[in-house]
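Enquirer: Data: entry-v8.txt, compact mmCIF, C-alpha atoms.
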```txt
# COMPACT_ATOMS: atom_id res chain seq x y z
CA MET D 1 3.57 -6.47 66.51
CA ASP D 2 0.24 -8.33 66.79
CA GLN D 3 -1.37 -10.40 64.06
CA LYS D 4 -3.64 -7.65 62.73
CA GLN D 5 -0.82 -5.13 62.45
CA PHE D 6 1.34 -7.69 60.65
CA LEU D 7 -1.38 -8.45 58.11
CA LEU D 8 -2.00 -4.71 57.57
CA ALA D 9 1.74 -4.20 56.95
CA LEU D 10 1.72 -7.06 54.41
CA ASN D 11 -1.25 -5.54 52.57
CA GLN D 12 0.35 -2.09 52.55
CA ILE D 13 3.59 -3.41 51.03
CA ALA D 14 1.59 -5.39 48.46
CA GLU D 15 -0.33 -2.26 47.38
CA GLU D 16 2.71 0.04 47.28
CA LYS D 17 4.92 -2.35 45.33
CA GLY D 18 2.18 -3.91 43.23
CA ILE D 19 3.24 -7.36 44.46
CA SER D 20 0.87 -10.12 45.54
CA GLN D 21 0.66 -11.08 49.22
CA GLU D 22 1.77 -14.63 48.34
CA GLN D 23 5.03 -13.28 46.85
CA ILE D 24 5.70 -11.22 49.99
CA ILE D 25 5.11 -14.25 52.26
CA GLU D 26 7.39 -16.36 50.05
CA THR D 27 10.08 -13.66 50.35
CA LEU D 28 9.63 -13.59 54.11
CA GLU D 29 10.01 -17.38 54.30
CA MET D 30 13.26 -17.20 52.31
CA ALA D 31 14.57 -14.47 54.63
CA ILE D 32 13.77 -16.50 57.76
CA ALA D 33 15.43 -19.56 56.17
CA ALA D 34 18.57 -17.54 55.44
CA ALA D 35 18.63 -16.19 59.02
CA TYR D 36 18.04 -19.67 60.51
CA LYS D 37 20.83 -21.14 58.40
CA LYS D 38 23.16 -18.34 59.51
CA ASP D 39 22.65 -18.88 63.25
CA TYR D 40 21.44 -22.47 63.72
CA GLY D 41 22.07 -24.41 60.54
CA LYS D 42 25.00 -25.44 58.38
CA LYS D 43 26.05 -24.08 54.98
CA GLY D 44 25.37 -27.28 53.11
CA GLN D 45 21.82 -27.65 54.39
CA ASN D 46 18.73 -27.03 52.27
CA ILE D 47 16.43 -25.17 54.69
CA LYS D 48 12.79 -24.32 53.97
CA VAL D 49 10.43 -22.32 56.14
CA LYS D 50 6.64 -22.33 56.19
CA PHE D 51 4.98 -19.22 57.59
CA ASP D 52 1.29 -19.03 58.46
CA PRO D 53 0.17 -15.34 58.30
CA LYS D 54 -3.10 -16.10 60.15
CA THR D 55 -1.51 -17.66 63.23
CA GLY D 56 2.04 -16.29 62.88
CA GLU D 57 3.42 -19.83 63.33
CA ILE D 58 6.82 -20.59 61.76
CA LYS D 59 7.83 -24.15 60.81
CA VAL D 60 11.39 -25.00 59.73
CA PHE D 61 12.29 -28.04 57.61
CA GLN D 62 15.41 -29.58 56.16
CA VAL D 63 14.85 -30.89 52.61
CA PHE D 64 16.57 -34.05 51.35
CA LEU D 65 16.67 -35.67 47.93
CA VAL D 66 15.97 -39.43 48.12
CA VAL D 67 18.68 -41.44 46.31
CA ASP D 68 19.59 -45.10 45.79
CA LYS D 69 22.92 -46.81 45.13
CA SER D 70 22.48 -46.71 41.31
CA MET D 71 22.48 -42.87 41.42
CA LEU D 72 25.71 -42.54 43.43
CA LYS D 73 29.36 -42.39 42.41
CA GLU D 74 31.79 -44.88 43.92
CA GLU D 75 33.40 -42.19 46.04
CA SER D 76 33.37 -41.46 49.75
CA PRO D 77 30.51 -39.22 50.92
CA VAL D 78 30.97 -35.43 51.04
CA THR D 79 32.47 -34.25 54.32
CA GLU D 80 31.16 -31.30 56.31
CA GLU D 81 34.06 -29.10 55.17
CA GLU D 82 33.52 -30.06 51.51
CA ALA D 83 29.79 -29.40 51.89
CA GLU D 84 30.53 -25.89 53.17
CA GLN D 85 32.90 -25.23 50.25
CA MET D 86 30.29 -26.49 47.76
CA ALA D 87 27.69 -24.25 49.38
CA ALA D 88 30.04 -21.26 49.08
CA GLU D 89 30.56 -21.97 45.36
CA PRO D 90 27.22 -23.33 44.15
CA GLU D 91 27.99 -22.70 40.49
CA LYS D 92 30.56 -25.52 40.52
CA GLU D 93 27.99 -28.04 41.75
CA THR D 94 26.12 -28.84 38.55
CA GLU D 95 24.32 -32.13 39.01
CA GLU D 96 22.27 -33.49 36.13
CA LYS D 97 19.67 -36.22 36.36
CA ASP D 98 21.41 -38.41 33.81
CA LYS D 99 24.75 -38.22 35.68
CA LYS D 100 25.73 -39.95 38.93
CA ILE D 101 26.09 -37.80 42.03
CA ARG D 102 28.32 -37.85 45.06
CA PHE D 103 26.42 -38.51 48.27
CA ASN D 104 26.04 -35.38 50.43
CA PRO D 105 24.56 -36.09 53.89
CA PHE D 106 23.25 -32.50 54.10
CA LYS D 107 21.27 -32.85 50.88
CA HIS D 108 20.75 -36.54 50.18
CA ILE D 109 19.13 -39.45 52.04
CA MET D 110 19.14 -43.12 51.14
CA VAL D 111 15.84 -44.78 50.20
CA GLU D 112 16.00 -47.11 53.23
CA ASP D 113 16.33 -44.19 55.68
CA ALA D 114 13.71 -42.14 53.85
CA GLN D 115 11.14 -44.93 54.11
CA LYS D 116 11.57 -44.90 57.90
CA ILE D 117 10.49 -41.24 57.89
CA LYS D 118 7.87 -41.50 55.17
CA LYS D 119 6.38 -44.77 53.98
CA GLY D 120 6.44 -45.35 50.22
CA ALA D 121 9.34 -42.93 49.62
CA LYS D 122 11.27 -43.69 46.43
CA ALA D 123 14.32 -42.40 44.54
CA GLU D 124 14.23 -38.78 43.29
CA ASP D 125 11.50 -37.84 45.77
CA GLU D 126 11.91 -34.92 48.16
CA ILE D 127 11.48 -35.55 51.85
CA GLN D 128 11.34 -32.99 54.64
CA THR D 129 12.43 -33.39 58.25
CA LYS D 130 11.22 -30.93 60.83
CA LEU D 131 13.77 -28.82 62.70
CA GLU D 132 13.42 -26.86 65.91
CA ALA D 133 12.11 -23.35 65.20
CA HIS D 134 13.79 -20.28 66.75
CA THR D 135 12.59 -16.71 67.13
CA ASP D 136 15.74 -15.08 68.50
CA TYR D 137 18.31 -14.28 65.80
CA GLY D 138 21.58 -12.43 65.96
CA ARG D 139 22.42 -9.12 64.33
CA ILE D 140 24.19 -10.73 61.34
CA ALA D 141 21.31 -13.16 60.77
CA ALA D 142 18.82 -10.29 60.93
CA GLN D 143 20.91 -8.27 58.47
CA THR D 144 21.06 -11.27 56.12
CA ALA D 145 17.28 -11.61 56.32
CA LYS D 146 16.86 -7.90 55.56
CA GLN D 147 19.10 -8.14 52.48
CA VAL D 148 17.14 -11.15 51.23
CA ILE D 149 13.84 -9.32 51.70
CA VAL D 150 15.04 -6.15 49.94
CA GLN D 151 16.59 -8.08 47.04
CA ARG D 152 13.61 -10.36 46.54
CA LEU D 153 11.13 -7.49 46.73
CA ARG D 154 13.12 -5.58 44.11
CA GLU D 155 13.19 -8.60 41.81
CA ALA D 156 9.45 -9.15 42.28
CA GLU D 157 8.76 -5.45 41.66
CA ARG D 158 10.87 -5.51 38.45
CA GLU D 159 9.01 -8.59 37.27
CA VAL D 160 5.65 -6.93 37.93
CA ILE D 161 6.70 -3.75 36.09
CA PHE D 162 8.02 -5.72 33.12
CA ASN D 163 4.82 -7.78 32.85
CA GLU D 164 2.64 -4.69 33.16
CA TYR D 165 4.42 -2.58 30.51
CA SER D 166 5.12 -5.43 28.11
CA ALA D 167 1.33 -5.88 28.01
CA LYS D 168 1.04 -2.14 27.17
CA GLU D 169 3.49 -2.36 24.27
CA GLY D 170 1.93 -0.57 21.29
CA GLU D 171 -0.22 1.74 23.44
CA VAL D 172 -0.10 5.47 24.19
CA VAL D 173 0.53 6.61 27.77
CA SER D 174 0.79 9.98 29.48
CA ALA D 175 4.33 10.88 30.58
CA ILE D 176 6.21 13.63 32.42
CA VAL D 177 9.74 14.71 31.46
CA GLN D 178 11.93 13.55 34.36
CA ARG D 179 15.45 14.41 33.21
CA ILE D 180 17.38 15.31 30.06
CA GLU D 181 20.75 13.67 29.36
CA GLY D 182 22.24 15.02 26.14
CA ARG D 183 19.70 14.27 23.44
CA ASN D 184 18.07 11.41 25.39
CA ILE D 185 14.89 12.31 27.27
CA PHE D 186 13.87 10.23 30.32
CA LEU D 187 10.16 10.23 31.09
CA ASP D 188 8.13 9.16 34.11
CA ILE D 189 5.29 6.92 32.88
CA GLY D 190 3.90 5.87 36.26
CA LYS D 191 5.55 2.92 37.97
CA ALA D 192 8.55 3.02 35.66
CA SER D 193 10.71 5.34 33.57
CA GLY D 194 11.11 5.22 29.80
CA VAL D 195 13.64 6.72 27.41
CA LEU D 196 12.98 8.80 24.31
CA PHE D 197 15.95 8.46 21.95
CA PRO D 198 16.75 11.22 19.38
CA GLU D 199 15.52 9.16 16.41
CA GLU D 200 12.14 8.68 18.16
CA GLN D 201 11.62 12.40 18.78
CA ILE D 202 9.68 14.82 16.56
CA PRO D 203 12.26 16.96 14.69
CA GLY D 204 12.53 20.43 16.22
CA GLU D 205 10.52 19.55 19.35
CA ARG D 206 11.84 21.01 22.61
CA PHE D 207 11.51 19.49 26.08
CA PHE D 208 11.67 20.89 29.61
CA ILE D 209 11.54 19.29 33.08
CA GLY D 210 7.97 18.70 34.23
CA GLN D 211 6.53 18.85 30.72
CA ARG D 212 3.53 16.56 30.25
CA LEU D 213 3.03 14.78 26.92
CA ARG D 214 1.77 11.56 25.36
CA VAL D 215 4.17 8.89 24.11
CA PHE D 216 3.96 5.58 22.29
CA ILE D 217 5.42 2.50 24.05
CA LEU D 218 7.57 1.15 21.24
CA LYS D 219 9.48 -1.68 22.93
CA VAL D 220 9.90 -3.24 26.41
CA GLU D 221 13.09 -5.22 27.07
CA LYS D 222 14.03 -7.28 30.12
CA THR D 223 17.45 -6.47 31.60
CA PRO D 224 19.24 -7.37 34.87
CA LYS D 225 18.50 -3.86 36.14
CA GLY D 226 14.82 -4.10 35.31
CA ALA D 227 12.58 -3.27 32.35
CA ASN D 228 14.09 -1.09 29.61
CA ILE D 229 11.16 0.83 28.08
CA VAL D 230 11.75 2.55 24.73
CA LEU D 231 9.26 5.34 23.95
CA SER D 232 8.46 7.15 20.70
CA ARG D 233 6.90 10.40 19.51
CA ALA D 234 7.74 9.83 15.83
CA TYR D 235 6.15 6.42 15.26
CA PRO D 236 3.17 6.60 12.81
CA LYS D 237 0.88 4.55 15.07
CA LEU D 238 1.09 7.32 17.70
CA VAL D 239 -1.26 9.36 15.47
CA SER D 240 -3.76 6.50 15.05
CA ARG D 241 -3.73 5.85 18.82
CA LEU D 242 -4.34 9.53 19.55
CA PHE D 243 -7.31 9.52 17.17
CA ALA D 244 -8.64 6.38 18.89
CA ILE D 245 -8.55 8.30 22.19
CA GLU D 246 -10.24 11.44 20.79
CA VAL D 247 -12.75 9.79 18.41
CA PRO D 248 -15.28 7.45 20.10
CA GLU D 249 -16.32 6.01 16.71
CA ILE D 250 -12.80 4.57 16.26
CA SER D 251 -12.68 3.00 19.73
CA THR D 252 -16.11 1.40 19.19
CA GLY D 253 -15.15 0.11 15.72
CA ALA D 254 -17.68 2.18 13.74
CA VAL D 255 -14.76 3.92 11.98
CA GLN D 256 -11.63 2.03 10.96
CA ILE D 257 -8.15 3.42 10.29
CA LYS D 258 -7.03 1.60 7.14
CA SER D 259 -3.62 3.17 6.53
CA ILE D 260 -1.33 5.91 7.78
CA ALA D 261 1.73 7.68 6.35
CA ARG D 262 3.73 10.14 8.37
CA GLU D 263 6.69 12.49 8.19
CA PRO D 264 7.08 13.48 11.88
CA GLY D 265 6.82 17.17 12.64
CA SER D 266 5.70 18.04 9.13
CA ARG D 267 2.67 16.18 7.78
CA THR D 268 0.56 13.02 8.17
CA LYS D 269 -2.00 11.38 5.92
CA ILE D 270 -4.54 9.01 7.44
CA ALA D 271 -7.10 6.89 5.54
CA VAL D 272 -10.36 6.09 7.35
CA TYR D 273 -13.36 3.96 6.43
CA SER D 274 -16.77 3.04 7.83
CA GLU D 275 -19.08 0.16 6.92
CA GLU D 276 -21.98 1.54 8.94
CA GLU D 277 -24.62 3.57 7.14
CA GLY D 278 -24.97 7.19 8.16
CA VAL D 279 -21.46 7.39 9.61
CA ASP D 280 -19.11 9.87 7.93
CA PRO D 281 -15.59 8.58 8.72
CA VAL D 282 -13.82 11.81 7.76
CA GLY D 283 -16.34 14.01 9.60
CA SER D 284 -16.09 11.82 12.71
CA CYS D 285 -12.32 12.30 12.84
CA VAL D 286 -12.46 16.03 12.11
CA GLY D 287 -15.11 16.70 14.73
CA GLN D 288 -17.34 19.73 15.17
CA LYS D 289 -15.49 22.77 13.83
CA GLY D 290 -12.34 20.61 13.68
CA SER D 291 -12.18 20.14 17.45
CA ARG D 292 -11.07 16.49 17.41
CA VAL D 293 -8.36 16.76 14.78
CA GLN D 294 -7.13 20.01 16.34
CA THR D 295 -6.55 18.24 19.67
CA VAL D 296 -4.33 15.70 17.92
CA ILE D 297 -2.52 18.46 16.00
CA ASN D 298 -1.81 20.33 19.24
CA GLU D 299 -0.46 17.15 20.87
CA LEU D 300 1.93 16.71 17.93
CA GLY D 301 3.19 20.29 18.03
CA GLY D 302 1.24 21.66 15.06
CA GLU D 303 1.88 18.78 12.63
CA LYS D 304 -0.47 18.99 9.61
CA ILE D 305 -2.94 16.10 9.25
CA ASP D 306 -4.84 15.15 6.08
CA ILE D 307 -7.82 12.85 6.73
CA ILE D 308 -8.98 11.08 3.58
CA GLU D 309 -11.64 8.45 2.91
CA TRP D 310 -10.43 4.96 2.02
CA ASN D 311 -11.97 3.37 -1.07
CA GLU D 312 -11.73 -0.20 -2.32
CA GLU D 313 -11.47 1.13 -5.89
CA THR D 314 -7.79 1.90 -6.37
CA ASP D 315 -8.21 4.87 -8.74
CA LYS D 316 -10.62 6.64 -6.37
CA TYR D 317 -8.42 5.85 -3.37
CA ILE D 318 -5.35 7.34 -5.09
CA ALA D 319 -7.35 10.42 -6.11
CA ASN D 320 -8.46 10.88 -2.48
CA ALA D 321 -4.90 10.36 -1.22
CA LEU D 322 -3.66 13.38 -3.22
CA SER D 323 -6.04 15.65 -1.31
CA PRO D 324 -6.28 18.67 -1.14
CA ALA D 325 -5.42 18.68 -4.89
CA LYS D 326 -8.25 18.06 -7.39
CA VAL D 327 -7.74 15.09 -9.71
CA LEU D 328 -9.17 14.77 -13.25
CA ASP D 329 -8.25 11.18 -14.04
CA VAL D 330 -6.18 8.24 -12.75
CA GLU D 331 -4.63 5.65 -15.06
CA ILE D 332 -3.40 2.56 -13.19
CA SER D 333 -1.13 -0.30 -14.23
CA ASP D 334 -1.61 -3.36 -12.02
CA LYS D 335 1.46 -5.23 -13.30
CA ILE D 336 4.02 -2.63 -12.21
CA ARG D 337 1.69 -1.15 -9.54
CA THR D 338 2.05 2.35 -10.94
CA ALA D 339 -0.57 5.08 -11.32
CA VAL D 340 -0.50 8.14 -13.61
CA VAL D 341 -2.59 10.94 -12.10
CA ILE D 342 -3.80 13.77 -14.35
CA VAL D 343 -4.56 17.12 -12.68
CA PRO D 344 -5.42 20.64 -13.94
CA GLU D 345 -2.46 22.92 -14.65
CA ASP D 346 -3.17 25.11 -11.62
CA GLN D 347 -3.33 22.03 -9.34
CA LEU D 348 0.02 20.48 -10.36
CA SER D 349 2.18 22.12 -7.68
CA LEU D 350 -0.46 21.43 -5.01
CA ALA D 351 -0.66 17.75 -5.98
CA ILE D 352 3.11 17.34 -5.87
CA GLY D 353 3.51 19.37 -2.68
CA GLN D 354 6.53 21.12 -1.25
CA LYS D 355 9.64 19.09 -2.17
CA GLY D 356 7.30 16.35 -3.41
CA GLN D 357 5.87 15.72 0.05
CA ASN D 358 2.19 15.39 -0.89
CA VAL D 359 2.72 12.80 -3.63
CA ARG D 360 5.34 10.99 -1.52
CA LEU D 361 2.95 10.58 1.41
CA ALA D 362 0.14 9.55 -0.95
CA ALA D 363 2.40 6.82 -2.37
CA LYS D 364 3.22 5.57 1.15
CA LEU D 365 -0.43 5.64 2.13
CA THR D 366 -1.72 3.71 -0.89
CA GLY D 367 1.30 1.50 -1.55
CA TRP D 368 1.34 2.56 -5.24
CA LYS D 369 3.98 4.44 -7.22
CA ILE D 370 2.29 7.71 -8.31
CA ASP D 371 3.30 9.90 -11.26
CA VAL D 372 1.50 13.28 -11.34
CA LYS D 373 1.05 15.07 -14.69
CA SER D 374 -0.93 18.10 -15.88
CA GLU D 375 -3.28 18.22 -18.90
CA ALA D 376 -0.74 20.26 -20.87
CA MET D 377 1.96 17.66 -20.21
CA ILE D 378 -0.30 14.84 -21.43
CA LYS D 379 -1.16 16.78 -24.65
CA ALA D 380 2.53 17.51 -25.30
CA GLU D 381 3.37 13.83 -24.86
CA LYS D 382 0.63 12.83 -27.31
CA LYS D 383 1.91 15.31 -29.93
CA ALA D 384 5.45 14.06 -29.48
CA LYS D 385 4.23 10.51 -30.09
CA ARG D 386 2.37 11.52 -33.29
CA ARG D 387 5.42 13.19 -34.97
CA PRO D 388 7.70 10.14 -34.91
CA ALA D 389 4.80 8.04 -36.22
CA ALA D 390 4.24 10.36 -39.23
CA SER D 391 7.95 10.46 -40.13
CA ALA D 392 8.09 6.66 -39.88
CA LYS D 393 5.25 6.37 -42.41
CA ARG D 394 7.11 8.65 -44.87
CA LYS D 395 10.26 6.57 -44.59
CA GLN D 396 8.29 3.41 -45.34
CA ALA D 397 6.67 5.01 -48.45
CA GLY D 398 10.07 6.09 -50.00
CA PRO D 399 10.76 8.93 -52.58
CA PRO D 400 7.95 9.69 -55.16
CA GLN D 401 8.56 8.10 -58.65
CA SER D 402 6.32 9.25 -61.56
CA GLU D 403 6.84 9.93 -65.31
CA GLY D 404 5.53 13.45 -65.12
CA LEU D 405 7.93 14.36 -62.38
CA GLY D 406 10.75 12.72 -64.37
CA GLY D 407 9.85 14.75 -67.51
CA GLU D 408 9.81 17.96 -65.53
CA THR D 409 13.25 17.19 -64.21
CA LYS D 410 14.63 16.63 -67.72
CA GLY D 411 13.05 19.87 -68.92
CA LYS D 412 14.71 21.72 -66.08
CA GLU D 413 18.09 20.28 -67.09
CA LYS D 414 17.59 21.47 -70.71
CA LYS D 415 16.57 24.93 -69.53
CA THR D 416 19.67 25.09 -67.42
CA LYS D 417 21.86 24.29 -70.42
CA LYS D 418 20.11 26.97 -72.51
CA VAL D 419 20.64 29.51 -69.81
CA LYS D 420 24.30 28.61 -69.71
CA LYS D 421 24.60 29.05 -73.51
CA THR D 422 22.80 32.39 -73.46
CA SER D 423 25.07 33.74 -70.79
CA ALA D 424 28.16 32.66 -72.81
CA SER D 425 26.99 34.41 -76.05
CA ALA D 426 26.12 37.57 -74.14
CA LYS D 427 29.61 37.63 -72.73
CA ALA D 428 31.19 37.25 -76.25
CA THR D 429 29.05 40.16 -77.62
CA ALA D 430 30.14 42.40 -74.77
CA ASP D 431 33.81 41.60 -75.45
CA LYS D 432 33.44 42.56 -79.15
CA LYS D 433 31.87 45.91 -78.25
CA ASP D 434 34.77 46.70 -75.98
CA GLU D 435 37.31 45.92 -78.72
CA LYS D 436 35.51 48.26 -81.29
CA LYS D 437 35.44 51.04 -78.72
CA GLU D 438 39.17 50.76 -78.15
CA GLU D 439 39.89 50.94 -81.94
CA SER D 440 37.76 54.09 -82.38
CA ASP D 441 39.57 55.75 -79.51
CA LYS D 442 42.95 55.06 -81.15
CA LYS D 443 41.85 56.64 -84.48
CA GLU D 444 40.73 59.81 -82.78
CA LEU D 445 44.08 60.13 -81.17
```
Would you mind writing the file out in structure tokens?

Expert:
Amino acid sequence: MDQKQFLLALNQIAEEKGISQEQIIETLEMAIAAAYKKDYGKKGQNIKVKFDPKTGEIKVFQVFLVVDKSMLKEESPVTEEEAEQMAAEPEKETEEKDKKIRFNPFKHIMVEDAQKIKKGAKAEDEIQTKLEAHTDYGRIAAQTAKQVIVQRLREAEREVIFNEYSAKEGEVVSAIVQRIEGRNIFLDIGKASGVLFPEEQIPGERFFIGQRLRVFILKVEKTPKGANIVLSRAYPKLVSRLFAIEVPEISTGAVQIKSIAREPGSRTKIAVYSEEEGVDPVGSCVGQKGSRVQTVINELGGEKIDIIEWNEETDKYIANALSPAKVLDVEISDKIRTAVVIVPEDQLSLAIGQKGQNVRLAAKLTGWKIDVKSEAMIKAEKKAKRRPAASAKRKQAGPPQSEGLGGETKGKEKKTKKVKKTSASAKATADKKDEKKEESDKKEL
């Protein structure tokens, strides 16, 4: 392979994998170093290779750490066999700067010897000695080099993917359903795959292989196997991102999304605002004949969307949040952050919504606790408050005490006694009549 073909191959790999040419050359140098060490070097050696892509020249160096007597342990130097064992088990060789080290001729060089190679060399410097370069490598060395290249390219590719998608965290991307495993949906999002867990899916939504949809990148985690990308279709910000895509006024900043409350698959309320004169924030989001909002609704599988205008005055904002219900009055209490909303009788069920959904979403949107009442309910409450107040006043006044009323009472008692006497005399007269009648009957007989 000539120089031009080699450079073209490097560029092709860089474009396909999304890896820089410098990273590929670095990987190639590591592979050549591993192959050189396999065929011509020793296990304990620290080999570095410099490759010039313009000329194709390869230079091989052995790297030494410059040490002095104060850095060394009072032990005999490492033998060749020990050096090979240490190279085979590198995790056991943990040298720290503040600890003394055992001299290893394959890795260390004394200051005196280092100064012969490079003037001014001092302890803890690195010094390189040139080795004879080779171009003919055995099958095992070539296989080792191949493994190094494949592994390093995979690691570099994973790093590139992680960096790319971690920067996209919080954005909406287009995805294609790749495979379905139980309730987990795996999606192709370009250079990587993401997973849609059951709790991040819209309730009742069905998926099929090859289906194209938009998803929200919720979280990107780094794992030994690569980037773990968690996607979402239920996250509230998915709606705001979809509106930002469909509504140019949002992307330019003319219209701002102040708040959003969502129950996935059912209903969403979104509060919008504009500081620019002549810009209708609600109309901008709805679009001509509802074209813009309908696009978002279709993407979310028919989920209802209420677009309301944000207002800095809390009572007006709460009234708008209960849309489409009409509101008569809003009474707010700042201390307990509660609002009592009064609506016409025929608007009560609409304001509350099915299973309380409308008022629940309005409370989430505004951040206030909302109590919805009709006019009739307010009047009934006022009447109920008046009755206890009237009875309390009577109790405080006590029973009426006047002479006239007292005289009337005495007169009534006298009348009662007279009535009792009259009834007793009438009874005695009746008894006498009965006795006379009995006597006359006896005479006749």

Enquirer: Give the answer as one residue: which of D:Ala141, D:Ile13, D:Ile161, D:Val67 has the shortest atom-to-atom distance to Lys100 of chain D, using only C-alpha atoms?

Expert: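 Closest to Lys100 of chain D, using only C-alpha atoms: D:Val67.
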
Enquirer: Applying 10 Å and only C-alpha atoms, which residues near segment 59-63 of chain D remain after dropping the ones on its own chain fewer than 5 positions away? List them as a compact mmCIF listing (two decimals) with C-alpha atoms, in the frame of the given file.

Expert:
```
# COMPACT_ATOMS: atom_id res chain seq x y z
CA GLU D 29 10.01 -17.38 54.30
CA ILE D 32 13.77 -16.50 57.76
CA ALA D 33 15.43 -19.56 56.17
CA TYR D 36 18.04 -19.67 60.51
CA GLY D 41 22.07 -24.41 60.54
CA GLN D 45 21.82 -27.65 54.39
CA ASN D 46 18.73 -27.03 52.27
CA ILE D 47 16.43 -25.17 54.69
CA LYS D 48 12.79 -24.32 53.97
CA VAL D 49 10.43 -22.32 56.14
CA LYS D 50 6.64 -22.33 56.19
CA PHE D 51 4.98 -19.22 57.59
CA ASP D 52 1.29 -19.03 58.46
CA PHE D 106 23.25 -32.50 54.10
CA LYS D 107 21.27 -32.85 50.88
CA HIS D 108 20.75 -36.54 50.18
CA ILE D 109 19.13 -39.45 52.04
CA GLU D 126 11.91 -34.92 48.16
CA ILE D 127 11.48 -35.55 51.85
CA GLN D 128 11.34 -32.99 54.64
CA THR D 129 12.43 -33.39 58.25
CA LYS D 130 11.22 -30.93 60.83
CA LEU D 131 13.77 -28.82 62.70
CA GLU D 132 13.42 -26.86 65.91
CA ALA D 133 12.11 -23.35 65.20
CA HIS D 134 13.79 -20.28 66.75
```

Enquirer: Grab the atom CA of Tyr273 of chain D to atom CA of Val296 of chain D distance for me, in Å with one decimal place.

Expert: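 Separation between atom CA of Tyr273 of chain D and atom CA of Val296 of chain D: 18.7 Å.
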
Enquirer: For atom CA of Ala192 of chain D and atom CA of Glu22 of chain D, determine how far apart the two atoms are, in Å to one decimal place.

Expert: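 Atom CA of Glu22 of chain D lies at a distance of 22.8 Å from atom CA of Ala192 of chain D.
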
Enquirer: Would you mind listing what lies within 7 Å of segment 155-160 of chain D as a PyMOL selection string, with only C-alpha atoms counted and same-chain residues fewer than 2 positions away left out?

Expert: chain D and resi 17-19+151-153+162-164+226-227

Enquirer: So, with all atoms listed in the file as the atoms that count, which of D:Ser174, D:Thr55, D:Thr338, D:Gln288 lies closest to Ile217 of chain D?

Expert: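 Smallest separation from Ile217 of chain D among the options: D:Ser174.
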
Enquirer: Interatomic distance between atom CA of Lys369 of chain D and atom CA of Pro236 of chain D?

Expert: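 Computing the Euclidean distance for atom CA of Lys369 of chain D and atom CA of Pro236 of chain D yields 20.2 Å.
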
Enquirer: Which is closest to Ser284 of chain D among D:Glu205, D:Glu249, D:Glu16, D:Glu312, if we use all atoms listed in the file?

Expert: D:Glu249

Enquirer: In terms of the shortest atom-to-atom distance over only C-alpha atoms, which of D:Ile342, D:Val220, D:Ile370, D:Val66 is closest to Gly120 of chain D?

Expert: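 Ranking D:Ile342, D:Val220, D:Ile370, D:Val66 by distance to Gly120 of chain D, first place goes to D:Val66.
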
Enquirer: So which residues fall inside 8 Å of (-0.8, 8.8, 19.2) if we count all atoms listed in the file? Mind giving them as a ChimeraX atom specification?

Expert: /D:172,214-216,233,236-243,296

Enquirer: Just C-alpha atoms for this one: save the residues we selected as a compact mmCIF listing (two decimals), in the frame of the given file.

Expert:
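Everything below was put into part.txt:
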```
# COMPACT_ATOMS: atom_id res chain seq x y z
CA VAL D 172 -0.10 5.47 24.19
CA ARG D 214 1.77 11.56 25.36
CA VAL D 215 4.17 8.89 24.11
CA PHE D 216 3.96 5.58 22.29
CA ARG D 233 6.90 10.40 19.51
CA PRO D 236 3.17 6.60 12.81
CA LYS D 237 0.88 4.55 15.07
CA LEU D 238 1.09 7.32 17.70
CA VAL D 239 -1.26 9.36 15.47
CA SER D 240 -3.76 6.50 15.05
CA ARG D 241 -3.73 5.85 18.82
CA LEU D 242 -4.34 9.53 19.55
CA PHE D 243 -7.31 9.52 17.17
CA VAL D 296 -4.33 15.70 17.92
```

Enquirer: Filtering to C-alpha atoms, could segment 125-137 of chain D of the supplied structure be written out as a compact mmCIF listing (two decimals), in the first residue's frame?

Expert:
```
# COMPACT_ATOMS: atom_id res chain seq x y z
CA ASP D 125 12.46 12.66 34.08
CA GLU D 126 11.63 10.33 31.20
CA ILE D 127 14.37 9.46 28.76
CA GLN D 128 14.05 7.57 25.49
CA THR D 129 16.62 5.36 23.80
CA LYS D 130 16.20 4.49 20.15
CA LEU D 131 15.81 0.84 19.17
CA GLU D 132 16.20 -0.83 15.80
CA ALA D 133 12.94 -0.70 13.85
CA HIS D 134 11.54 -3.82 12.14
CA THR D 135 8.90 -4.23 9.46
CA ASP D 136 8.60 -8.02 9.38
CA TYR D 137 6.45 -9.42 12.19
```
